[in-house]
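Report on one structure; see the data block that follows.
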Amino acid sequence: MVHAHNLVWLLMLIVFFLTLFFVKSGKAKPAKISQMTLRLFYILVIVTGGTLLVTYQFYWVAVIKGLLAIWLIYSMEMISTRSAKGTLAGTPKVAYWAQFGIALVIVLFLGWTAI
């Protein structure tokens, strides 16, 4: 299950950046399709992560990683949605990208070292 979870995370990050590329390019239909695919990957990550959380018997580091992963998913959704709507600019843009970067680093660190 760990490999499936890692694969879904990798695919989710690829689709996230692909969505942003389509939005920046002005391709509305591919951006919408990739954004809906991204939301499917959010669900898959949460399901596989929940399965791992139960497998690890709610080990405290896994719980913290799960909460940080939800924060990461939130920031990814806000970046992709607001970019598609054209409302991501200025201070919110910096704030969401900073949240994305911080959460991604911590989640990857906890995923590869602590668990």
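Identifiers for the structure tokens are assigned positionally: chains receive A, B, ... in sequence, residues are indexed from 1 per chain, and ligands are indexed from 1 in the order shown.
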Inset, instruction - Considering only C-alpha atoms, return as an NGL selection string whatever protein or nucleic-acid residues lie within 10 Å of A:Gly86, sequence-local ones (same chain, fewer than 6 positions apart) excluded. - result: :A and (23-24 or 80)
Output file for the residues above (C-alpha atoms, as a PDB file, in the first residue's frame):
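What ended up in again.pdb:
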```pdb
ATOM      1  CA  VAL A  23      -4.111  27.517 -17.047  1.00  0.00           C
ATOM      2  CA  LYS A  24      -1.093  29.702 -17.867  1.00  0.00           C
ATOM      3  CA  SER A  80      -5.139  25.603  -8.962  1.00  0.00           C
TER       4      SER A  80
END
```
- [ ] Would you list the contacts of A:Gln35 as an MDAnalysis selection string, taking every protein, DNA or RNA residue within 12 Å and counting only C-alpha atoms, but skipping same-chain residues closer than 4 positions in sequence?
- [x] chainID A and resid 12:23 28:31 39:42 76:84
Across A:Val47, A:Ile33, A:Ile73, A:Val63, the smallest distance to A:Phe100, with only C-alpha atoms counted, is shown by A:Ile73
Subject >> Distance query A:His3 at most 12 Å, only C-alpha atoms, self and fewer than 3 positions along chain excluded, as a list in words >> reply: Asn6, Leu7, Val8, Trp9, Leu10, Val45, Thr48, Gly49, Leu52 and Gly111 of chain A
Given the selection you just returned, output its residues as a file containing all heavy atoms, formatted as a JSON list (two decimals), in the first residue's frame.
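Everything below was put into result.json:
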```json
[["chain", "number", "residue", "atom", "x", "y", "z"],
["A", 6, "ASN", "N", 2.61, 6.33, -2.58],
["A", 6, "ASN", "CA", 3.69, 7.15, -3.16],
["A", 6, "ASN", "C", 3.44, 7.44, -4.64],
["A", 6, "ASN", "O", 3.69, 8.56, -5.11],
["A", 6, "ASN", "CB", 5.03, 6.46, -2.98],
["A", 6, "ASN", "CG", 5.49, 6.43, -1.55],
["A", 6, "ASN", "OD1", 5.01, 7.19, -0.72],
["A", 6, "ASN", "ND2", 6.41, 5.53, -1.24],
["A", 7, "LEU", "N", 2.97, 6.44, -5.37],
["A", 7, "LEU", "CA", 2.69, 6.63, -6.80],
["A", 7, "LEU", "C", 1.58, 7.65, -7.00],
["A", 7, "LEU", "O", 1.68, 8.53, -7.87],
["A", 7, "LEU", "CB", 2.32, 5.30, -7.45],
["A", 7, "LEU", "CG", 1.95, 5.37, -8.92],
["A", 7, "LEU", "CD1", 3.14, 5.80, -9.75],
["A", 7, "LEU", "CD2", 1.41, 4.04, -9.40],
["A", 8, "VAL", "N", 0.53, 7.56, -6.20],
["A", 8, "VAL", "CA", -0.58, 8.50, -6.33],
["A", 8, "VAL", "C", -0.11, 9.92, -6.00],
["A", 8, "VAL", "O", -0.50, 10.88, -6.66],
["A", 8, "VAL", "CB", -1.78, 8.07, -5.46],
["A", 8, "VAL", "CG1", -2.87, 9.12, -5.46],
["A", 8, "VAL", "CG2", -2.35, 6.75, -5.94],
["A", 9, "TRP", "N", 0.75, 10.06, -4.97],
["A", 9, "TRP", "CA", 1.31, 11.37, -4.64],
["A", 9, "TRP", "C", 2.11, 11.93, -5.82],
["A", 9, "TRP", "O", 1.98, 13.11, -6.17],
["A", 9, "TRP", "CB", 2.22, 11.29, -3.42],
["A", 9, "TRP", "CG", 1.55, 11.68, -2.15],
["A", 9, "TRP", "CD1", 1.17, 10.85, -1.14],
["A", 9, "TRP", "CD2", 1.16, 12.99, -1.75],
["A", 9, "TRP", "NE1", 0.58, 11.55, -0.15],
["A", 9, "TRP", "CE2", 0.56, 12.88, -0.48],
["A", 9, "TRP", "CE3", 1.25, 14.24, -2.33],
["A", 9, "TRP", "CZ2", 0.05, 13.98, 0.20],
["A", 9, "TRP", "CZ3", 0.76, 15.33, -1.64],
["A", 9, "TRP", "CH2", 0.17, 15.19, -0.39],
["A", 10, "LEU", "N", 2.95, 11.09, -6.41],
["A", 10, "LEU", "CA", 3.76, 11.54, -7.54],
["A", 10, "LEU", "C", 2.88, 11.98, -8.71],
["A", 10, "LEU", "O", 3.08, 13.05, -9.29],
["A", 10, "LEU", "CB", 4.72, 10.43, -7.99],
["A", 10, "LEU", "CG", 5.57, 10.74, -9.21],
["A", 10, "LEU", "CD1", 6.56, 11.86, -8.91],
["A", 10, "LEU", "CD2", 6.29, 9.49, -9.68],
["A", 45, "VAL", "N", -5.39, 9.89, -2.70],
["A", 45, "VAL", "CA", -4.34, 10.09, -1.71],
["A", 45, "VAL", "C", -4.92, 9.98, -0.30],
["A", 45, "VAL", "O", -4.33, 9.35, 0.58],
["A", 45, "VAL", "CB", -3.64, 11.45, -1.92],
["A", 45, "VAL", "CG1", -2.86, 11.87, -0.69],
["A", 45, "VAL", "CG2", -2.72, 11.39, -3.11],
["A", 48, "THR", "N", -5.78, 6.16, 0.35],
["A", 48, "THR", "CA", -4.59, 5.33, 0.59],
["A", 48, "THR", "C", -3.87, 5.77, 1.86],
["A", 48, "THR", "O", -3.35, 4.94, 2.60],
["A", 48, "THR", "CB", -3.62, 5.37, -0.61],
["A", 48, "THR", "OG1", -3.23, 6.72, -0.87],
["A", 48, "THR", "CG2", -4.24, 4.75, -1.84],
["A", 49, "GLY", "N", -3.85, 7.07, 2.12],
["A", 49, "GLY", "CA", -3.23, 7.56, 3.35],
["A", 49, "GLY", "C", -4.00, 7.11, 4.58],
["A", 49, "GLY", "O", -3.40, 6.75, 5.60],
["A", 52, "LEU", "N", -3.11, 3.55, 5.22],
["A", 52, "LEU", "CA", -1.79, 3.47, 5.87],
["A", 52, "LEU", "C", -1.86, 3.91, 7.33],
["A", 52, "LEU", "O", -1.18, 3.34, 8.18],
["A", 52, "LEU", "CB", -0.78, 4.33, 5.12],
["A", 52, "LEU", "CG", -0.33, 3.79, 3.77],
["A", 52, "LEU", "CD1", 0.55, 4.80, 3.06],
["A", 52, "LEU", "CD2", 0.40, 2.48, 3.93],
["A", 111, "GLY", "N", 7.53, 11.59, 5.45],
["A", 111, "GLY", "CA", 7.23, 10.37, 4.70],
["A", 111, "GLY", "C", 8.43, 9.48, 4.48],
["A", 111, "GLY", "O", 8.32, 8.26, 4.49]]
```
TODO: Excluding A:Ile106 and any residue of its chain fewer than 2 positions from it, enumerate the residues within 12 Å of it, using only C-alpha atoms, and give them as a list of chain:residue names.
DONE: A:Val61, A:Ile64, A:Lys65, A:Gly66, A:Leu67, A:Leu68, A:Ala69, A:Trp71, A:Leu72, A:Gln99, A:Phe100, A:Gly101, A:Ile102, A:Ala103, A:Leu104, A:Leu108, A:Phe109, A:Leu110, A:Gly111, A:Trp112, A:Thr113, A:Ala114
Residues just named, written with N, CA and C atoms as a JSON list (two decimals), in the first residue's frame:
```json
[["chain", "number", "residue", "atom", "x", "y", "z"],
["A", 61, "VAL", "N", 3.30, 10.11, 14.46],
["A", 61, "VAL", "CA", 3.97, 10.78, 13.33],
["A", 61, "VAL", "C", 3.13, 10.65, 12.07],
["A", 64, "ILE", "N", 0.30, 13.18, 12.28],
["A", 64, "ILE", "CA", 0.78, 14.53, 11.97],
["A", 64, "ILE", "C", 1.05, 14.68, 10.48],
["A", 65, "LYS", "N", 1.64, 13.66, 9.87],
["A", 65, "LYS", "CA", 1.89, 13.70, 8.43],
["A", 65, "LYS", "C", 0.58, 13.77, 7.65],
["A", 66, "GLY", "N", -0.42, 13.04, 8.12],
["A", 66, "GLY", "CA", -1.73, 13.08, 7.46],
["A", 66, "GLY", "C", -2.36, 14.46, 7.53],
["A", 67, "LEU", "N", -2.28, 15.10, 8.69],
["A", 67, "LEU", "CA", -2.83, 16.44, 8.83],
["A", 67, "LEU", "C", -2.08, 17.45, 7.96],
["A", 68, "LEU", "N", -0.76, 17.32, 7.91],
["A", 68, "LEU", "CA", 0.03, 18.20, 7.04],
["A", 68, "LEU", "C", -0.26, 17.93, 5.56],
["A", 69, "ALA", "N", -0.53, 16.67, 5.22],
["A", 69, "ALA", "CA", -0.86, 16.33, 3.84],
["A", 69, "ALA", "C", -2.20, 16.95, 3.43],
["A", 71, "TRP", "N", -3.31, 19.75, 4.67],
["A", 71, "TRP", "CA", -2.96, 21.15, 4.48],
["A", 71, "TRP", "C", -2.32, 21.37, 3.10],
["A", 72, "LEU", "N", -1.47, 20.44, 2.69],
["A", 72, "LEU", "CA", -0.83, 20.51, 1.37],
["A", 72, "LEU", "C", -1.88, 20.41, 0.27],
["A", 99, "GLN", "N", 2.81, 28.25, 1.62],
["A", 99, "GLN", "CA", 2.17, 27.13, 2.31],
["A", 99, "GLN", "C", 2.45, 25.83, 1.57],
["A", 100, "PHE", "N", 2.35, 25.88, 0.24],
["A", 100, "PHE", "CA", 2.61, 24.70, -0.57],
["A", 100, "PHE", "C", 4.03, 24.20, -0.35],
["A", 101, "GLY", "N", 4.99, 25.11, -0.43],
["A", 101, "GLY", "CA", 6.40, 24.73, -0.28],
["A", 101, "GLY", "C", 6.71, 24.17, 1.09],
["A", 102, "ILE", "N", 6.25, 24.86, 2.13],
["A", 102, "ILE", "CA", 6.52, 24.41, 3.49],
["A", 102, "ILE", "C", 5.88, 23.05, 3.75],
["A", 103, "ALA", "N", 4.61, 22.92, 3.39],
["A", 103, "ALA", "CA", 3.90, 21.65, 3.64],
["A", 103, "ALA", "C", 4.52, 20.52, 2.84],
["A", 104, "LEU", "N", 4.91, 20.77, 1.60],
["A", 104, "LEU", "CA", 5.51, 19.73, 0.77],
["A", 104, "LEU", "C", 6.82, 19.23, 1.37],
["A", 108, "LEU", "N", 7.20, 15.43, 2.78],
["A", 108, "LEU", "CA", 8.21, 14.54, 2.20],
["A", 108, "LEU", "C", 9.22, 14.10, 3.24],
["A", 109, "PHE", "N", 9.63, 15.01, 4.11],
["A", 109, "PHE", "CA", 10.57, 14.67, 5.17],
["A", 109, "PHE", "C", 9.99, 13.60, 6.10],
["A", 110, "LEU", "N", 8.76, 13.81, 6.54],
["A", 110, "LEU", "CA", 8.14, 12.83, 7.43],
["A", 110, "LEU", "C", 7.87, 11.52, 6.73],
["A", 111, "GLY", "N", 7.53, 11.59, 5.45],
["A", 111, "GLY", "CA", 7.23, 10.37, 4.70],
["A", 111, "GLY", "C", 8.43, 9.48, 4.48],
["A", 112, "TRP", "N", 9.59, 10.09, 4.26],
["A", 112, "TRP", "CA", 10.77, 9.26, 3.96],
["A", 112, "TRP", "C", 11.69, 9.01, 5.15],
["A", 113, "THR", "N", 11.54, 9.75, 6.22],
["A", 113, "THR", "CA", 12.45, 9.54, 7.33],
["A", 113, "THR", "C", 11.77, 8.97, 8.57],
["A", 114, "ALA", "N", 10.62, 9.49, 8.92],
["A", 114, "ALA", "CA", 10.00, 9.13, 10.20],
["A", 114, "ALA", "C", 9.10, 7.91, 10.13]]
```
Separating atom CA of A:His5 from atom CA of A:Ser34, to the nearest tenth of an Å, is a gap of 19.6 Å
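Picture a line from atom CA of A:Tyr56 to atom CA of A:Ile43; it runs 19.8 Å.
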Exercise. Step one, run DSSP on the backbone; step two, keep only residues of chain A assigned to alpha helix (DSSP H); then write them as a ChimeraX atom specification.
Key: /A:2-25,28-55,60-85,91-109
